[in-house]
Amino acid sequence: MPRSAAAVPSSPSAAEAAGAAPAHFAHRFETLQQLASDALAHAKAKGASACEVEASEGFGQSVTVRRGEVETIEYNRDKGVSVTVFLGKSRGSASTSDFSAEALKQAVEAALDIARFTAADEYSGLPDAELLASGDFDLDLYHPWALPVEVAIEQARRCEDAAFAVSRKISNSEGASVSTQEGQFVLANSLGFMGGFPTSRHSLSLSVIAGKGNSMQRDDWYSQQRDARLLASPEEIGSIAAQRALSRLGARRIPTCSAPVLFEAPVAASLLNSFVYAASGSSLYRRASFLLDRLGKRVFSKKVNISELPHLRGALASSPFDNEGVATHDRELVVDGVLQGWFLSSYSARKLGLKTTGNAGGSHNLIVKPGKRDFKGLLRKMDRGLVVTELLGQGINYVTGDYSRGAAGYWVEDGKIVHPVDEITIAGNLADMFRNIAAVGNDVVVRGSKHVGSILVEEMKIAGD
């Protein structure tokens with residue numbers, strides 16, 4: 001019997017009761033299971049020593065309105081089967097969007113042909129069987145949204161209208177978008193693992209422009225959820241986007257200096273992205289990370305604690321298993337600033353002589369423990385310095401940790417914002433920035449897998465006039 005790694009329905013009635021095979025999917029969940037089983041069987045018959053298969057389908061709708069007029073209406077419907085086979089330590093992959101039996105066989109045989117001409121890699125292969133997920137999981141990741149296109153258009157218009165209602169200085173819109181996406185998949189391998197589940201992802205976003213001529217400024221806001229009922233209202237999205245754009249009017253450069261820098265929560269997530277990249281297996285085995293040999297050592301301020309919680313119900317980055325079928329687990333990544341773990345797939349773990357952490361495909365819900373201060377409290381603690389609300393460019397050297405990016409935001413004096421700032425560069429070193437985090441705010445926002453409040457760094461170089 002295959003291992004069950006999610007609530008896998010066994011009959012149409014059970015599927016409907018579990019919400020796992022709604023009528024608007026083109027294929028029943030059992031069909032995806034059968035496709036995966038057939039591919040595994042054909043690979044074995046053709047001599048593969050191991051095989052992994054993913055069968056999936058998805059569909060969605062996106063509507064964009066600009067200045068009250070419908071700009072785009074997009075529908076997408078996709079399906080596919082991807083096959084990875086192993087001939088010993090040689091690996092080959094192929095895929096098809098045709099679900100017919102003949103196309104499935106051709107995909108398997110194409111993957112085998114590639115494997116025959118691929119050099120052996122001693123670290124390749126399926127995960128260790130004992131690490132694969134088992135049991136039944138329901139993480140509340142699927143909430144279909146029956147959204148007629150007319151209603152989507154009306155919501156986008158409400159979002160734009162709310163922004164223009166804030167001030168006459170809101171001069172233009174780059175568009176309000178409403179998107180709903182649904183999908184389901186089955187992942188299986190020749191070790192007996194088979195698991196999958198349906199998911200949903202819905203969003204509402206708006207970008208607007210304030211001012212005219214040479215003094216224009218833009219900003220945006222968005223909300224994204226598994227369950228559309230949890231989305232911020234169109235009016236809230238519109239109001240926030242407008243207020244953010246207006247607050248940037250009159251921006252100017254500041255003299256070059258060194259000062260504390262407060263990364264507003266939405267951009268603070270980028271610091272977490274840098275941490276994940278540097279702590280990922282591929283960076284480590286290539287020796288392209290400033291965090292090399294830092295496991296068990298202090299890499300952040302003592303004020304920083306980071307958890308990975310893959311089983312949060314309804315969260316955007318939750319999953320009972322990773323892209324290889326390895327079971328995910330809650331874990332503490334950083335405790336009082338000390339690094340406790342990496343982000344490893346089976347391949348990168350073998351290269352490093354370690355065990356996979358269930359992160360094939362990326363990180364799950366990363367939770368930075370919030371501090372006691374809200375955003376205004378962080379401003380008071382900073383007293384004088386720079387708030388960063390936007391980052392530009394990708395000036396990060398992950399080997400050395402050197403960090404230099406264009407930025408915009410606000411200058412702060414006596415704990416209060418005094419004027420907006422743009423056309424500046426902030427620079428430092430990620431190792432120093434992490435160690436010199438003075439506070440983490442409780443103004444938490446969620447951006448994908450990152451749950452983090454604003455982050456105050458004690459000092460950085462700011463290049464302006």
# chains A, B, ... in the order shown; residues from 1 in each chain; ligands from 1
>>> select_by_dssp(residues="range 155-261 of chain A", states="strand (DSSP E or B)", output="PyMOL selection string")
chain A and resi 170-189+193-210+217-225+252+257-261
>>> residues_around(residues="range 435-450 of chain A", least_positions_apart="6", cutoff="10 Å", atoms="only C-alpha atoms", output="VMD selection string")
chain A and resid 222 to 225 260 to 273 298 to 305 308 to 310 315 to 318 337 362 to 378 381 to 382 456 to 460
>>> residues_around(residues="Lys351 in chain A", least_positions_apart="4", cutoff="7 Å", atoms="only C-alpha atoms", output="list in words")
Tyr123, Tyr285 and Tyr347 of chain A
>>> write_last_selection(atoms="N, CA and C atoms", output="PDB file, in the first residue's frame")
ATOM      1  N   TYR A 123      25.388  11.664  -5.229  1.00  0.00           N
ATOM      2  CA  TYR A 123      24.480  12.234  -4.240  1.00  0.00           C
ATOM      3  C   TYR A 123      23.022  12.241  -4.688  1.00  0.00           C
ATOM      4  N   TYR A 285      26.922  23.999  -0.030  1.00  0.00           N
ATOM      5  CA  TYR A 285      27.850  23.041  -0.645  1.00  0.00           C
ATOM      6  C   TYR A 285      28.661  23.689  -1.771  1.00  0.00           C
ATOM      7  N   TYR A 347      19.353  16.012  -1.737  1.00  0.00           N
ATOM      8  CA  TYR A 347      20.593  16.128  -2.503  1.00  0.00           C
ATOM      9  C   TYR A 347      21.616  16.990  -1.770  1.00  0.00           C
TER      10      TYR A 347
END
>>> closest_residue(among="A:Glu122, A:Glu74, A:Gly195, A:Ser190", to="Asp38 in chain A", atoms="only C-alpha atoms")
A:Ser190
>>> closest_residue(among="A:Ile170, A:Val53, A:Ala111, A:Leu312", to="Leu141 in chain A", atoms="only C-alpha atoms")
A:Leu312
>>> residues_around(residues="Phe59 in chain A", least_positions_apart="2", cutoff="10 Å", atoms="only C-alpha atoms", output="CSV table (one decimal) with N, CA and C atoms, in the first residue's frame")
chain,number,residue,atom,x,y,z
A,24,HIS,N,-15.4,21.6,-10.5
A,24,HIS,CA,-14.8,22.5,-11.4
A,24,HIS,C,-13.4,22.1,-11.8
A,25,PHE,N,-12.7,21.1,-11.1
A,25,PHE,CA,-11.5,20.6,-11.6
A,25,PHE,C,-11.8,19.7,-12.8
A,26,ALA,N,-11.0,19.6,-13.8
A,26,ALA,CA,-11.2,18.8,-15.0
A,26,ALA,C,-11.1,17.3,-14.7
A,57,GLU,N,-3.0,19.6,-11.7
A,57,GLU,CA,-3.8,20.5,-12.5
A,57,GLU,C,-4.2,21.8,-11.7
A,61,GLN,N,-8.4,32.7,-12.5
A,61,GLN,CA,-9.0,33.9,-13.2
A,61,GLN,C,-8.4,35.1,-12.6
A,75,TYR,N,-7.9,34.0,-18.1
A,75,TYR,CA,-8.2,32.7,-17.5
A,75,TYR,C,-7.1,31.8,-17.8
A,76,ASN,N,-6.8,30.9,-16.8
A,76,ASN,CA,-5.7,29.9,-17.0
A,76,ASN,C,-6.2,28.6,-16.6
A,77,ARG,N,-5.8,27.6,-17.3
A,77,ARG,CA,-6.1,26.2,-16.9
A,77,ARG,C,-4.9,25.3,-17.4
A,78,ASP,N,-4.3,24.7,-16.5
A,78,ASP,CA,-3.0,24.0,-16.8
A,78,ASP,C,-3.1,22.6,-16.2
A,79,LYS,N,-2.4,21.7,-16.8
A,79,LYS,CA,-2.2,20.3,-16.2
A,79,LYS,C,-0.9,19.8,-16.7
A,180,THR,N,-7.9,34.7,-8.5
A,180,THR,CA,-8.3,33.5,-7.7
A,180,THR,C,-7.7,32.3,-8.5
A,181,GLN,N,-7.0,31.5,-7.7
A,181,GLN,CA,-6.3,30.3,-8.3
A,181,GLN,C,-6.6,29.1,-7.4
A,182,GLU,N,-6.8,28.0,-8.1
A,182,GLU,CA,-7.0,26.7,-7.4
A,182,GLU,C,-6.2,25.6,-8.1
A,183,GLY,N,-5.8,24.6,-7.4
A,183,GLY,CA,-5.0,23.5,-7.9
A,183,GLY,C,-5.1,22.3,-7.1
A,184,GLN,N,-4.7,21.2,-7.7
A,184,GLN,CA,-4.5,19.9,-6.9
A,184,GLN,C,-3.4,19.1,-7.5
A,200,SER,N,-5.7,26.5,-2.7
A,200,SER,CA,-6.2,27.7,-3.3
A,200,SER,C,-5.4,28.9,-2.8
>>> closest_residue(among="A:Ile240, A:Leu147, A:Ile455, A:Ala110", to="Gly92 in chain A", atoms="only C-alpha atoms")
A:Ala110
>>> residues_around(residues="Ala242 in chain A", least_positions_apart="5", cutoff="10 Å", atoms="only C-alpha atoms", output="PDB file with C-alpha atoms, in the first residue's frame")
ATOM      1  CA  GLU A 160      -9.533  52.018  -7.194  1.00  0.00           C
ATOM      2  CA  ALA A 162     -11.388  54.036  -2.548  1.00  0.00           C
ATOM      3  CA  ALA A 163      -7.884  55.179  -3.463  1.00  0.00           C
ATOM      4  CA  PHE A 164      -9.062  58.153  -5.527  1.00  0.00           C
ATOM      5  CA  ALA A 165     -11.459  59.120  -2.741  1.00  0.00           C
ATOM      6  CA  VAL A 166      -8.579  59.604  -0.295  1.00  0.00           C
ATOM      7  CA  SER A 167      -7.226  62.715  -2.004  1.00  0.00           C
ATOM      8  CA  LYS A 169      -3.544  64.259  -5.276  1.00  0.00           C
ATOM      9  CA  ILE A 170      -3.995  60.613  -6.304  1.00  0.00           C
ATOM     10  CA  SER A 173      -3.635  54.221 -11.162  1.00  0.00           C
ATOM     11  CA  LEU A 206      -3.560  47.990  -6.206  1.00  0.00           C
ATOM     12  CA  SER A 207      -0.790  50.356  -7.302  1.00  0.00           C
ATOM     13  CA  VAL A 208      -1.459  54.098  -7.547  1.00  0.00           C
ATOM     14  CA  ILE A 209       0.400  57.295  -8.382  1.00  0.00           C
ATOM     15  CA  ALA A 210       0.273  60.508  -6.386  1.00  0.00           C
ATOM     16  CA  ARG A 218       3.873  55.527  -6.619  1.00  0.00           C
ATOM     17  CA  ASP A 219       3.148  52.891  -4.031  1.00  0.00           C
ATOM     18  CA  ASP A 220       0.985  49.811  -3.654  1.00  0.00           C
ATOM     19  CA  TRP A 221      -0.611  47.377  -1.262  1.00  0.00           C
ATOM     20  CA  GLU A 236      -8.926  48.972   2.815  1.00  0.00           C
ATOM     21  CA  ILE A 237      -6.459  48.007   0.066  1.00  0.00           C
ATOM     22  CA  SER A 247       3.176  60.063   2.111  1.00  0.00           C
TER      23      SER A 247
END
>>> residues_around(residues="Thr400 in chain A", least_positions_apart="6", cutoff="9 Å", atoms="only C-alpha atoms", output="ChimeraX atom specification")
/A:288-290,429-431
>>> closest_residue(among="A:Thr31, A:Ser177, A:Ser274, A:Ser307", to="Tyr398 in chain A", atoms="only C-alpha atoms")
A:Ser274
